[in-house]
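Undergrad: Contents of target_27.cif (mmCIF, C-alpha atoms):
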data_structure
loop_
_atom_site.label_atom_id
_atom_site.label_comp_id
_atom_site.auth_asym_id
_atom_site.auth_seq_id
_atom_site.Cartn_x
_atom_site.Cartn_y
_atom_site.Cartn_z
CA MET A 1 89.05 67.16 84.42
CA LYS A 2 91.53 66.98 87.27
CA ALA A 3 92.98 70.04 88.96
CA SER A 4 96.08 69.76 91.11
CA VAL A 5 96.30 72.77 93.41
CA LEU A 6 99.64 73.78 94.93
CA TYR A 7 98.67 73.91 98.56
CA SER A 8 100.49 75.69 101.38
CA GLY A 9 97.77 75.28 104.01
CA GLY A 10 97.08 79.01 103.77
CA LYS A 11 94.02 81.06 102.90
CA ASP A 12 94.79 81.77 99.25
CA SER A 13 95.53 78.22 98.13
CA SER A 14 92.52 76.95 100.13
CA LEU A 15 90.19 79.44 98.46
CA SER A 16 91.63 78.57 95.04
CA ALA A 17 90.76 74.92 95.62
CA ILE A 18 87.24 75.84 96.76
CA LEU A 19 86.65 77.98 93.64
CA LEU A 20 87.72 75.08 91.40
CA GLU A 21 85.78 72.38 93.27
CA PRO A 22 82.45 72.69 91.42
CA PHE A 23 84.14 72.24 88.06
CA PHE A 24 87.13 69.95 88.61
CA GLU A 25 88.25 66.88 90.49
CA VAL A 26 90.53 68.73 92.93
CA GLU A 27 93.66 67.32 94.56
CA LEU A 28 95.91 69.36 96.86
CA ILE A 29 99.66 69.05 96.42
CA THR A 30 102.20 70.32 98.95
CA PHE A 31 105.84 70.47 97.97
CA SER A 32 108.34 69.95 100.73
CA PHE A 33 112.09 69.92 101.11
CA SER A 34 111.55 67.63 104.13
CA LEU A 35 113.47 70.01 106.35
CA LEU A 36 110.61 70.96 108.66
CA PRO A 37 107.89 68.64 109.94
CA LEU A 38 105.09 70.73 108.48
CA GLU A 39 103.51 68.02 106.37
CA GLN A 40 101.19 66.78 109.12
CA VAL A 41 99.87 70.25 109.89
CA VAL A 42 99.16 70.94 106.23
CA SER A 43 97.60 67.49 105.80
CA ASP A 44 95.24 68.20 108.71
CA PHE A 45 94.13 71.46 107.05
CA ALA A 46 93.62 69.65 103.75
CA ASN A 47 91.49 67.00 105.45
CA GLU A 48 89.34 69.67 107.05
CA LEU A 49 88.70 71.09 103.59
CA GLY A 50 87.80 67.59 102.46
CA PHE A 51 90.19 67.31 99.51
CA PRO A 52 92.65 64.50 98.81
CA HIS A 53 96.17 65.68 99.61
CA ARG A 54 99.65 64.57 98.63
CA VAL A 55 103.07 65.72 99.76
CA LEU A 56 105.78 65.63 97.11
CA ASN A 57 109.46 66.23 97.65
CA LEU A 58 111.25 68.87 95.69
CA ASP A 59 114.84 68.15 94.72
CA THR A 60 117.17 69.74 97.31
CA SER A 61 119.39 71.04 94.49
CA ILE A 62 116.55 73.53 93.89
CA LEU A 63 116.82 74.72 97.49
CA ASP A 64 120.62 75.01 97.19
CA LYS A 65 120.29 77.14 94.08
CA ALA A 66 117.56 79.27 95.72
CA LEU A 67 119.73 79.94 98.79
CA GLU A 68 122.57 80.99 96.49
CA MET A 69 120.19 83.40 94.75
CA VAL A 70 119.07 84.98 98.05
CA ILE A 71 122.70 85.52 99.09
CA ASN A 72 123.72 86.98 95.72
CA ASP A 73 120.61 89.18 95.34
CA GLY A 74 120.32 90.36 98.93
CA TYR A 75 116.54 89.90 98.72
CA PRO A 76 114.36 86.77 98.44
CA ARG A 77 112.09 87.57 95.49
CA ASN A 78 113.94 85.79 92.70
CA ALA A 79 114.65 82.77 94.90
CA ILE A 80 110.97 82.40 95.85
CA ASN A 81 109.94 82.69 92.20
CA TYR A 82 112.57 80.09 91.32
CA ILE A 83 111.22 77.59 93.88
CA HIS A 84 107.63 78.26 92.80
CA TYR A 85 108.42 77.82 89.11
CA ASN A 86 110.21 74.54 89.83
CA ALA A 87 107.31 73.28 91.93
CA VAL A 88 104.87 73.93 89.05
CA LYS A 89 107.31 72.41 86.58
CA THR A 90 107.91 69.30 88.70
CA LEU A 91 104.19 68.80 89.05
CA ALA A 92 103.60 69.37 85.33
CA SER A 93 106.27 66.85 84.39
CA THR A 94 105.06 64.14 86.81
CA LYS A 95 101.36 64.39 86.06
CA PRO A 96 100.13 61.35 84.19
CA GLN A 97 97.49 63.16 82.15
CA PRO A 98 97.90 66.00 79.73
CA LYS A 99 95.00 68.47 79.61
CA ASP A 100 94.89 68.52 83.39
CA VAL A 101 94.89 71.77 85.32
CA ILE A 102 97.67 72.88 87.64
CA ALA A 103 96.59 75.72 89.89
CA ASP A 104 97.92 77.87 92.70
CA GLY A 105 96.77 80.67 94.99
CA THR A 106 98.32 83.66 93.20
CA ARG A 107 96.16 86.74 93.80
CA ARG A 108 95.71 89.96 91.82
CA ASN A 109 98.55 92.32 92.74
CA ASP A 110 100.69 89.52 94.18
CA ARG A 111 104.30 90.50 93.49
CA VAL A 112 105.75 87.14 94.44
CA PRO A 113 105.59 84.26 93.64
CA VAL A 114 104.47 84.99 90.10
CA LEU A 115 105.18 83.11 86.90
CA THR A 116 105.93 85.24 83.84
CA ASN A 117 103.71 84.90 80.77
CA SER A 118 106.53 83.18 78.88
CA GLN A 119 107.08 80.69 81.72
CA ILE A 120 103.35 79.87 81.70
CA GLN A 121 103.29 79.52 77.92
CA SER A 122 106.34 77.28 77.97
CA LEU A 123 104.93 75.00 80.71
CA GLU A 124 101.54 74.73 78.97
CA ASP A 125 103.10 73.96 75.61
CA ARG A 126 105.76 71.56 76.87
CA TYR A 127 103.61 69.47 79.20
CA GLY A 128 100.15 69.93 77.70
CA ILE A 129 98.68 71.14 80.97
CA TYR A 130 96.65 74.26 81.77
CA TYR A 131 98.09 76.55 84.41
CA VAL A 132 95.27 78.34 86.21
CA THR A 133 95.30 80.89 89.03
CA PRO A 134 91.67 81.14 90.17
CA LEU A 135 92.38 84.10 92.48
CA SER A 136 94.11 86.28 89.88
CA GLY A 137 90.87 88.11 89.36
CA TYR A 138 90.36 88.81 93.06
CA GLY A 139 92.05 91.55 95.09
CA ARG A 140 93.05 91.26 98.73
CA SER A 141 89.81 92.74 100.06
CA SER A 142 87.58 90.42 97.99
CA VAL A 143 89.60 87.39 99.12
CA ASN A 144 89.14 88.46 102.75
CA ALA A 145 85.42 88.96 102.18
CA LEU A 146 85.02 85.50 100.63
CA VAL A 147 87.01 83.48 103.18
CA MET L 1 76.46 87.91 98.07
CA LYS L 2 75.34 89.25 94.69
CA ALA L 3 77.56 89.30 91.63
CA SER L 4 76.68 91.48 88.64
CA VAL L 5 78.52 90.24 85.58
CA LEU L 6 79.08 92.55 82.62
CA TYR L 7 77.66 90.40 79.87
CA SER L 8 78.29 90.70 76.13
CA GLY L 9 76.66 87.43 75.12
CA GLY L 10 80.12 86.04 74.33
CA LYS L 11 82.12 83.08 75.59
CA ASP L 12 84.28 84.86 78.15
CA SER L 13 81.55 86.71 80.00
CA SER L 14 79.36 83.57 79.94
CA LEU L 15 82.13 81.45 81.44
CA SER L 16 82.81 84.12 84.08
CA ALA L 17 79.18 83.94 85.17
CA ILE L 18 79.31 80.14 85.31
CA LEU L 19 82.47 80.18 87.45
CA LEU L 20 80.81 82.56 89.93
CA GLU L 21 77.45 80.77 90.03
CA PRO L 22 78.23 78.26 92.84
CA PHE L 23 79.30 81.07 95.17
CA PHE L 24 77.19 84.12 94.29
CA GLU L 25 73.73 85.18 93.29
CA VAL L 26 74.60 86.02 89.67
CA GLU L 27 72.89 88.64 87.52
CA LEU L 28 73.98 89.47 83.98
CA ILE L 29 74.16 93.11 82.95
CA THR L 30 74.49 94.29 79.37
CA PHE L 31 75.26 97.91 78.68
CA SER L 32 73.87 99.38 75.52
CA PHE L 33 73.98 102.66 73.69
CA SER L 34 70.64 101.66 72.11
CA LEU L 35 72.07 102.14 68.64
CA LEU L 36 71.78 98.55 67.49
CA PRO L 37 68.92 96.15 68.29
CA LEU L 38 71.24 93.60 69.95
CA GLU L 39 69.49 93.48 73.30
CA GLN L 40 67.08 90.71 72.31
CA VAL L 41 69.84 88.45 71.00
CA VAL L 42 71.90 88.91 74.17
CA SER L 43 68.80 88.38 76.33
CA ASP L 44 68.11 85.09 74.56
CA PHE L 45 71.65 83.90 75.29
CA ALA L 46 71.30 84.96 78.94
CA ASN L 47 68.03 83.03 79.24
CA GLU L 48 69.69 79.93 77.84
CA LEU L 49 72.35 80.20 80.54
CA GLY L 50 69.53 80.54 83.07
CA PHE L 51 70.64 83.80 84.70
CA PRO L 52 68.53 86.89 85.27
CA HIS L 53 69.54 89.59 82.79
CA ARG L 54 69.16 93.35 82.62
CA VAL L 55 70.01 95.83 79.91
CA LEU L 56 71.19 99.23 81.11
CA ASN L 57 71.80 102.26 78.98
CA LEU L 58 75.13 103.98 79.03
CA ASP L 59 75.10 107.76 78.66
CA THR L 60 75.68 108.64 74.99
CA SER L 61 78.17 111.35 76.06
CA ILE L 62 80.47 108.40 76.84
CA LEU L 63 80.14 107.18 73.27
CA ASP L 64 80.79 110.69 71.91
CA LYS L 65 83.97 110.96 73.96
CA ALA L 66 85.06 107.45 72.92
CA LEU L 67 84.61 108.25 69.23
CA GLU L 68 86.67 111.39 69.69
CA MET L 69 89.41 109.27 71.30
CA VAL L 70 89.46 106.77 68.38
CA ILE L 71 89.80 109.62 65.89
CA ASN L 72 92.57 111.36 67.84
CA ASP L 73 94.50 108.17 68.64
CA GLY L 74 94.10 106.41 65.30
CA TYR L 75 93.48 103.12 67.14
CA PRO L 76 90.60 101.93 69.32
CA ARG L 77 92.35 100.68 72.47
CA ASN L 78 91.98 103.71 74.72
CA ALA L 79 88.39 104.26 73.60
CA ILE L 80 87.41 100.67 74.38
CA ASN L 81 89.06 100.91 77.79
CA TYR L 82 87.22 104.17 78.39
CA ILE L 83 83.82 102.63 77.60
CA HIS L 84 84.59 99.57 79.72
CA TYR L 85 85.73 101.64 82.69
CA ASN L 86 82.58 103.76 82.48
CA ALA L 87 80.37 100.67 82.29
CA VAL L 88 81.94 99.28 85.49
CA LYS L 89 81.73 102.69 87.15
CA THR L 90 78.07 103.20 86.15
CA LEU L 91 77.19 99.78 87.52
CA ALA L 92 79.17 100.38 90.72
CA SER L 93 77.46 103.70 91.31
CA THR L 94 73.92 102.40 90.66
CA LYS L 95 74.16 99.21 92.67
CA PRO L 96 72.03 99.43 95.79
CA GLN L 97 74.32 97.27 97.95
CA PRO L 98 77.91 97.84 98.88
CA LYS L 99 80.01 94.68 99.33
CA ASP L 100 78.55 93.28 96.14
CA VAL L 101 80.74 91.91 93.38
CA ILE L 102 81.02 93.41 89.90
CA ALA L 103 82.64 91.03 87.45
CA ASP L 104 83.57 90.81 83.80
CA GLY L 105 85.12 88.38 81.37
CA THR L 106 88.69 89.73 81.25
CA ARG L 107 91.11 86.87 80.54
CA ARG L 108 94.81 86.42 81.33
CA ASN L 109 96.80 88.21 78.61
CA ASP L 110 93.84 90.28 77.48
CA ARG L 111 95.27 93.59 76.31
CA VAL L 112 91.92 95.33 76.07
CA PRO L 113 89.59 96.10 77.77
CA VAL L 114 91.61 96.12 80.98
CA LEU L 115 91.22 98.28 84.07
CA THR L 116 94.44 99.52 85.65
CA ASN L 117 95.19 98.61 89.25
CA SER L 118 94.59 102.20 90.32
CA GLN L 119 91.21 102.30 88.53
CA ILE L 120 90.20 99.08 90.32
CA GLN L 121 91.39 100.38 93.69
CA SER L 122 89.55 103.64 93.19
CA LEU L 123 86.27 101.93 92.20
CA GLU L 124 86.48 99.48 95.13
CA ASP L 125 87.23 102.23 97.64
CA ARG L 126 84.73 104.77 96.31
CA TYR L 127 81.73 102.48 95.89
CA GLY L 128 82.51 99.72 98.42
CA ILE L 129 82.19 96.99 95.79
CA TYR L 130 84.56 94.17 94.85
CA TYR L 131 85.70 94.08 91.25
CA VAL L 132 86.41 90.50 90.22
CA THR L 133 87.62 88.99 86.93
CA PRO L 134 87.12 85.22 87.33
CA LEU L 135 88.95 84.45 84.07
CA SER L 136 92.11 86.43 84.85
CA GLY L 137 93.78 83.25 85.98
CA TYR L 138 92.89 81.37 82.79
CA GLY L 139 94.70 81.60 79.47
CA ARG L 140 93.04 81.35 76.08
CA SER L 141 93.65 77.61 75.73
CA SER L 142 92.19 76.79 79.17
CA VAL L 143 89.12 78.92 78.42
CA ASN L 144 88.62 77.04 75.17
CA ALA L 145 89.01 73.71 76.97
CA LEU L 146 86.45 74.66 79.60
CA VAL L 147 83.73 76.05 77.32
#
I'd like the structure from this file rewritten - as structure tokens, please.
TA:
Amino acid sequence: MKASVLYSGGKDSSLSAILLEPFFEVELITFSFSLLPLEQVVSDFANELGFPHRVLNLDTSILDKALEMVINDGYPRNAINYIHYNAVKTLASTKPQPKDVIADGTRRNDRVPVLTNSQIQSLEDRYGIYYVTPLSGYGRSSVNALV
Amino acid sequence: MKASVLYSGGKDSSLSAILLEPFFEVELITFSFSLLPLEQVVSDFANELGFPHRVLNLDTSILDKALEMVINDGYPRNAINYIHYNAVKTLASTKPQPKDVIADGTRRNDRVPVLTNSQIQSLEDRYGIYYVTPLSGYGRSSVNALV
């Protein structure tokens, strides 16, 4: 089974990929709006971990809508969740294989970005993928101890 | 690092142990009130998985209190949570090593048994252990696909 891990270059998404590695064929996926030249930095991190890595572009209409949400809300939470949900959804809809795993680095107690149970259910049902968050069962201190 | 996995002999706790195996020295722990002769059956399952296994007794005062809760509540949820919390706590307090992991088979969307965030925080702080639920990031369908 393949697992595509949403990869930011950070500690949580790296550890998620490592936890999945013994059981899945892991690929790291970074979504970009191509506004900042971060791809190379993230690619270098991915190479150090030894996983294949791809950068995909996210439609800029998603960024436009997210910016509008931040301005209307006065805080970024909903906008970040919106971008995250659309990243998972874009990946789910472009994956060639159903029954594959899409994963990210969400930890226990993370307040944002978090998918709701109904969003997860809808993505799994619609695209036939499994959405997995390998760090959901780990708190901040256990993640720090493992890294 | 050692990981003690609360082990019922079922699918979820077995898969939790398997997910931890590449990263931890796993031991399976089954708590018993010694009322039913289930230990041998569970031990046989544990041996098939190839993990060391220990049966520990839980104080029968915990069972008495749990039965009282079922009768007062009219439903078993709080009583099951109470037994589960006390199993984790007993294990945390008898483990020789701090910084060890205590794990169980709680899945995403499990309603019971579930520790609250404040119970987890309190156990981690008081006993210096890490409480980990490797299946929290997996839904029922992904667990079934993996097993």
Undergrad: I need the residue nearest Ser14 of chain A from this list: A:Ser141, A:Leu115, A:Leu146, A:Thr60. Use all atoms listed in the file for the distance.
TA: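 Closest to Ser14 of chain A of all the choices is A:Leu146.
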Undergrad: Could you tell me which residues the PyMOL selection byres ((chain L and resi 64-78) around 12) grabs in this file, written as a PyMOL selection string?
TA: chain L and resi 33+58-63+79-86+110-116
Undergrad: Could you tell me which residues the PyMOL selection byres ((chain A) within 7 of (chain L)) grabs in this file, written as a list of chain:residue names?
TA: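 Checking the PyMOL selection byres ((chain A) within 7 of (chain L)) against this file, the residues are A:Tyr130, A:Val132, A:Thr133, A:Pro134, A:Leu135, A:Ser136, A:Gly137, A:Tyr138, A:Ser142.
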Undergrad: So, counting all atoms listed in the file, which residue among A:Ser16, A:Val5, A:Thr94, A:Gly10 is closest to Val41 of chain A?
TA: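 Distance minimum relative to Val41 of chain A lands on A:Gly10.
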Undergrad: Decode the PyMOL selection byres ((chain A and resi 25) around 6) for the given file into explicit residues and return them as a list in words.
TA: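 Selected by the PyMOL selection byres ((chain A and resi 25) around 6) in this file: Lys2, Ala3, Phe24 and Val26 of chain A.
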Undergrad: Mind pulling up the distance from atom CA of Thr90 of chain A to atom CA of Leu49 of chain A?
TA: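 Computed distance, atom CA of Leu49 of chain A to atom CA of Thr90 of chain A, equals 24.4 Å.
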Undergrad: What gap, in Å, lies between atom CA of Gly9 of chain L and atom CA of Ser93 of chain L?
TA: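 Separation between atom CA of Gly9 of chain L and atom CA of Ser93 of chain L: 23.0 Å.
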Undergrad: Which polymer residues, protein or nucleic acid, are no farther than 10 Å from (70.0, 101.8, 80.0), counting only C-alpha atoms, as a list in words?
TA: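 In the file's frame, the residues around the point are Thr30, Phe31, Ser32, Phe33, Ser34, Arg54, Val55, Leu56, Asn57, Leu58 and Asp59 of chain L.
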Undergrad: Since we have the selection now, will you write its residues out, keeping C-alpha atoms, as a short mmCIF file (atom, residue, chain, number, x, y, z; two decimals), in the frame of the given file?
TA:
data_model
loop_
_atom_site.label_atom_id
_atom_site.label_comp_id
_atom_site.auth_asym_id
_atom_site.auth_seq_id
_atom_site.Cartn_x
_atom_site.Cartn_y
_atom_site.Cartn_z
CA THR L 30 74.49 94.29 79.37
CA PHE L 31 75.26 97.91 78.68
CA SER L 32 73.87 99.38 75.52
CA PHE L 33 73.98 102.66 73.69
CA SER L 34 70.64 101.66 72.11
CA ARG L 54 69.16 93.35 82.62
CA VAL L 55 70.01 95.83 79.91
CA LEU L 56 71.19 99.23 81.11
CA ASN L 57 71.80 102.26 78.98
CA LEU L 58 75.13 103.98 79.03
CA ASP L 59 75.10 107.76 78.66
#
Undergrad: Please give chain A as a tab-separated table (two decimals) with C-alpha atoms, in the coordinates of the input, after it has been superposed on chain L by least squares over all Cα atoms paired in order.
TA:
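Writing done, so here's selection_21.tsv:
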chain	number	residue	atom	x	y	z
A	1	MET	CA	76.46	87.90	98.05
A	2	LYS	CA	75.34	89.24	94.70
A	3	ALA	CA	77.56	89.31	91.64
A	4	SER	CA	76.67	91.48	88.66
A	5	VAL	CA	78.51	90.23	85.59
A	6	LEU	CA	79.07	92.54	82.62
A	7	TYR	CA	77.66	90.40	79.87
A	8	SER	CA	78.29	90.71	76.14
A	9	GLY	CA	76.67	87.42	75.13
A	10	GLY	CA	80.12	86.04	74.33
A	11	LYS	CA	82.12	83.09	75.60
A	12	ASP	CA	84.28	84.87	78.15
A	13	SER	CA	81.54	86.72	80.02
A	14	SER	CA	79.36	83.57	79.95
A	15	LEU	CA	82.14	81.45	81.46
A	16	SER	CA	82.82	84.12	84.09
A	17	ALA	CA	79.19	83.94	85.19
A	18	ILE	CA	79.32	80.13	85.31
A	19	LEU	CA	82.48	80.18	87.47
A	20	LEU	CA	80.80	82.56	89.94
A	21	GLU	CA	77.45	80.75	90.04
A	22	PRO	CA	78.23	78.26	92.84
A	23	PHE	CA	79.29	81.05	95.18
A	24	PHE	CA	77.19	84.10	94.30
A	25	GLU	CA	73.72	85.17	93.30
A	26	VAL	CA	74.59	86.02	89.68
A	27	GLU	CA	72.88	88.64	87.53
A	28	LEU	CA	73.99	89.46	83.98
A	29	ILE	CA	74.15	93.10	82.96
A	30	THR	CA	74.48	94.29	79.36
A	31	PHE	CA	75.28	97.91	78.69
A	32	SER	CA	73.88	99.38	75.52
A	33	PHE	CA	73.97	102.68	73.71
A	34	SER	CA	70.63	101.67	72.14
A	35	LEU	CA	72.06	102.14	68.67
A	36	LEU	CA	71.79	98.53	67.52
A	37	PRO	CA	68.96	96.13	68.31
A	38	LEU	CA	71.25	93.60	69.96
A	39	GLU	CA	69.51	93.47	73.31
A	40	GLN	CA	67.10	90.69	72.32
A	41	VAL	CA	69.87	88.46	71.00
A	42	VAL	CA	71.91	88.90	74.17
A	43	SER	CA	68.82	88.38	76.33
A	44	ASP	CA	68.13	85.08	74.55
A	45	PHE	CA	71.70	83.91	75.30
A	46	ALA	CA	71.33	84.96	78.93
A	47	ASN	CA	68.07	83.02	79.23
A	48	GLU	CA	69.71	79.92	77.82
A	49	LEU	CA	72.35	80.20	80.53
A	50	GLY	CA	69.54	80.54	83.05
A	51	PHE	CA	70.64	83.78	84.70
A	52	PRO	CA	68.53	86.89	85.28
A	53	HIS	CA	69.54	89.58	82.79
A	54	ARG	CA	69.17	93.34	82.61
A	55	VAL	CA	70.02	95.83	79.89
A	56	LEU	CA	71.20	99.22	81.10
A	57	ASN	CA	71.80	102.27	78.97
A	58	LEU	CA	75.12	103.99	79.02
A	59	ASP	CA	75.11	107.76	78.66
A	60	THR	CA	75.70	108.65	74.98
A	61	SER	CA	78.18	111.35	76.05
A	62	ILE	CA	80.49	108.41	76.84
A	63	LEU	CA	80.15	107.17	73.27
A	64	ASP	CA	80.81	110.68	71.91
A	65	LYS	CA	83.98	110.96	73.96
A	66	ALA	CA	85.07	107.44	72.93
A	67	LEU	CA	84.61	108.23	69.22
A	68	GLU	CA	86.70	111.38	69.68
A	69	MET	CA	89.42	109.26	71.29
A	70	VAL	CA	89.46	106.76	68.39
A	71	ILE	CA	89.80	109.61	65.87
A	72	ASN	CA	92.56	111.36	67.84
A	73	ASP	CA	94.49	108.16	68.65
A	74	GLY	CA	94.11	106.41	65.31
A	75	TYR	CA	93.50	103.13	67.15
A	76	PRO	CA	90.60	101.93	69.33
A	77	ARG	CA	92.35	100.68	72.47
A	78	ASN	CA	91.97	103.71	74.71
A	79	ALA	CA	88.38	104.28	73.59
A	80	ILE	CA	87.40	100.68	74.38
A	81	ASN	CA	89.05	100.91	77.79
A	82	TYR	CA	87.22	104.19	78.38
A	83	ILE	CA	83.81	102.64	77.59
A	84	HIS	CA	84.59	99.58	79.72
A	85	TYR	CA	85.73	101.65	82.69
A	86	ASN	CA	82.57	103.77	82.48
A	87	ALA	CA	80.37	100.68	82.28
A	88	VAL	CA	81.94	99.29	85.49
A	89	LYS	CA	81.72	102.69	87.14
A	90	THR	CA	78.07	103.21	86.15
A	91	LEU	CA	77.20	99.80	87.51
A	92	ALA	CA	79.17	100.40	90.72
A	93	SER	CA	77.44	103.72	91.31
A	94	THR	CA	73.91	102.39	90.66
A	95	LYS	CA	74.17	99.21	92.69
A	96	PRO	CA	72.05	99.39	95.81
A	97	GLN	CA	74.33	97.27	97.98
A	98	PRO	CA	77.92	97.84	98.91
A	99	LYS	CA	80.02	94.68	99.32
A	100	ASP	CA	78.54	93.29	96.13
A	101	VAL	CA	80.74	91.91	93.38
A	102	ILE	CA	81.02	93.42	89.92
A	103	ALA	CA	82.64	91.04	87.47
A	104	ASP	CA	83.57	90.82	83.81
A	105	GLY	CA	85.13	88.37	81.36
A	106	THR	CA	88.69	89.74	81.25
A	107	ARG	CA	91.11	86.87	80.55
A	108	ARG	CA	94.81	86.42	81.31
A	109	ASN	CA	96.80	88.18	78.59
A	110	ASP	CA	93.82	90.27	77.47
A	111	ARG	CA	95.26	93.59	76.28
A	112	VAL	CA	91.91	95.33	76.04
A	113	PRO	CA	89.59	96.10	77.77
A	114	VAL	CA	91.59	96.12	80.98
A	115	LEU	CA	91.21	98.27	84.06
A	116	THR	CA	94.43	99.52	85.64
A	117	ASN	CA	95.19	98.61	89.25
A	118	SER	CA	94.58	102.21	90.32
A	119	GLN	CA	91.21	102.30	88.54
A	120	ILE	CA	90.20	99.08	90.32
A	121	GLN	CA	91.39	100.39	93.68
A	122	SER	CA	89.54	103.65	93.19
A	123	LEU	CA	86.26	101.94	92.20
A	124	GLU	CA	86.47	99.49	95.12
A	125	ASP	CA	87.22	102.23	97.62
A	126	ARG	CA	84.72	104.76	96.31
A	127	TYR	CA	81.72	102.47	95.90
A	128	GLY	CA	82.49	99.72	98.40
A	129	ILE	CA	82.18	96.99	95.79
A	130	TYR	CA	84.56	94.17	94.85
A	131	TYR	CA	85.70	94.09	91.25
A	132	VAL	CA	86.41	90.50	90.23
A	133	THR	CA	87.61	89.01	86.95
A	134	PRO	CA	87.12	85.24	87.34
A	135	LEU	CA	88.95	84.45	84.08
A	136	SER	CA	92.11	86.43	84.86
A	137	GLY	CA	93.75	83.24	85.97
A	138	TYR	CA	92.87	81.37	82.78
A	139	GLY	CA	94.68	81.61	79.45
A	140	ARG	CA	93.03	81.36	76.05
A	141	SER	CA	93.62	77.61	75.71
A	142	SER	CA	92.17	76.79	79.15
A	143	VAL	CA	89.09	78.93	78.42
A	144	ASN	CA	88.58	77.04	75.14
A	145	ALA	CA	89.00	73.72	76.94
A	146	LEU	CA	86.43	74.65	79.60
A	147	VAL	CA	83.71	76.05	77.33
Undergrad: Rounded to one decimal place, report the atom CA of Leu6 of chain A-atom CA of His53 of chain A distance in Å.
TA: 10.0 Å
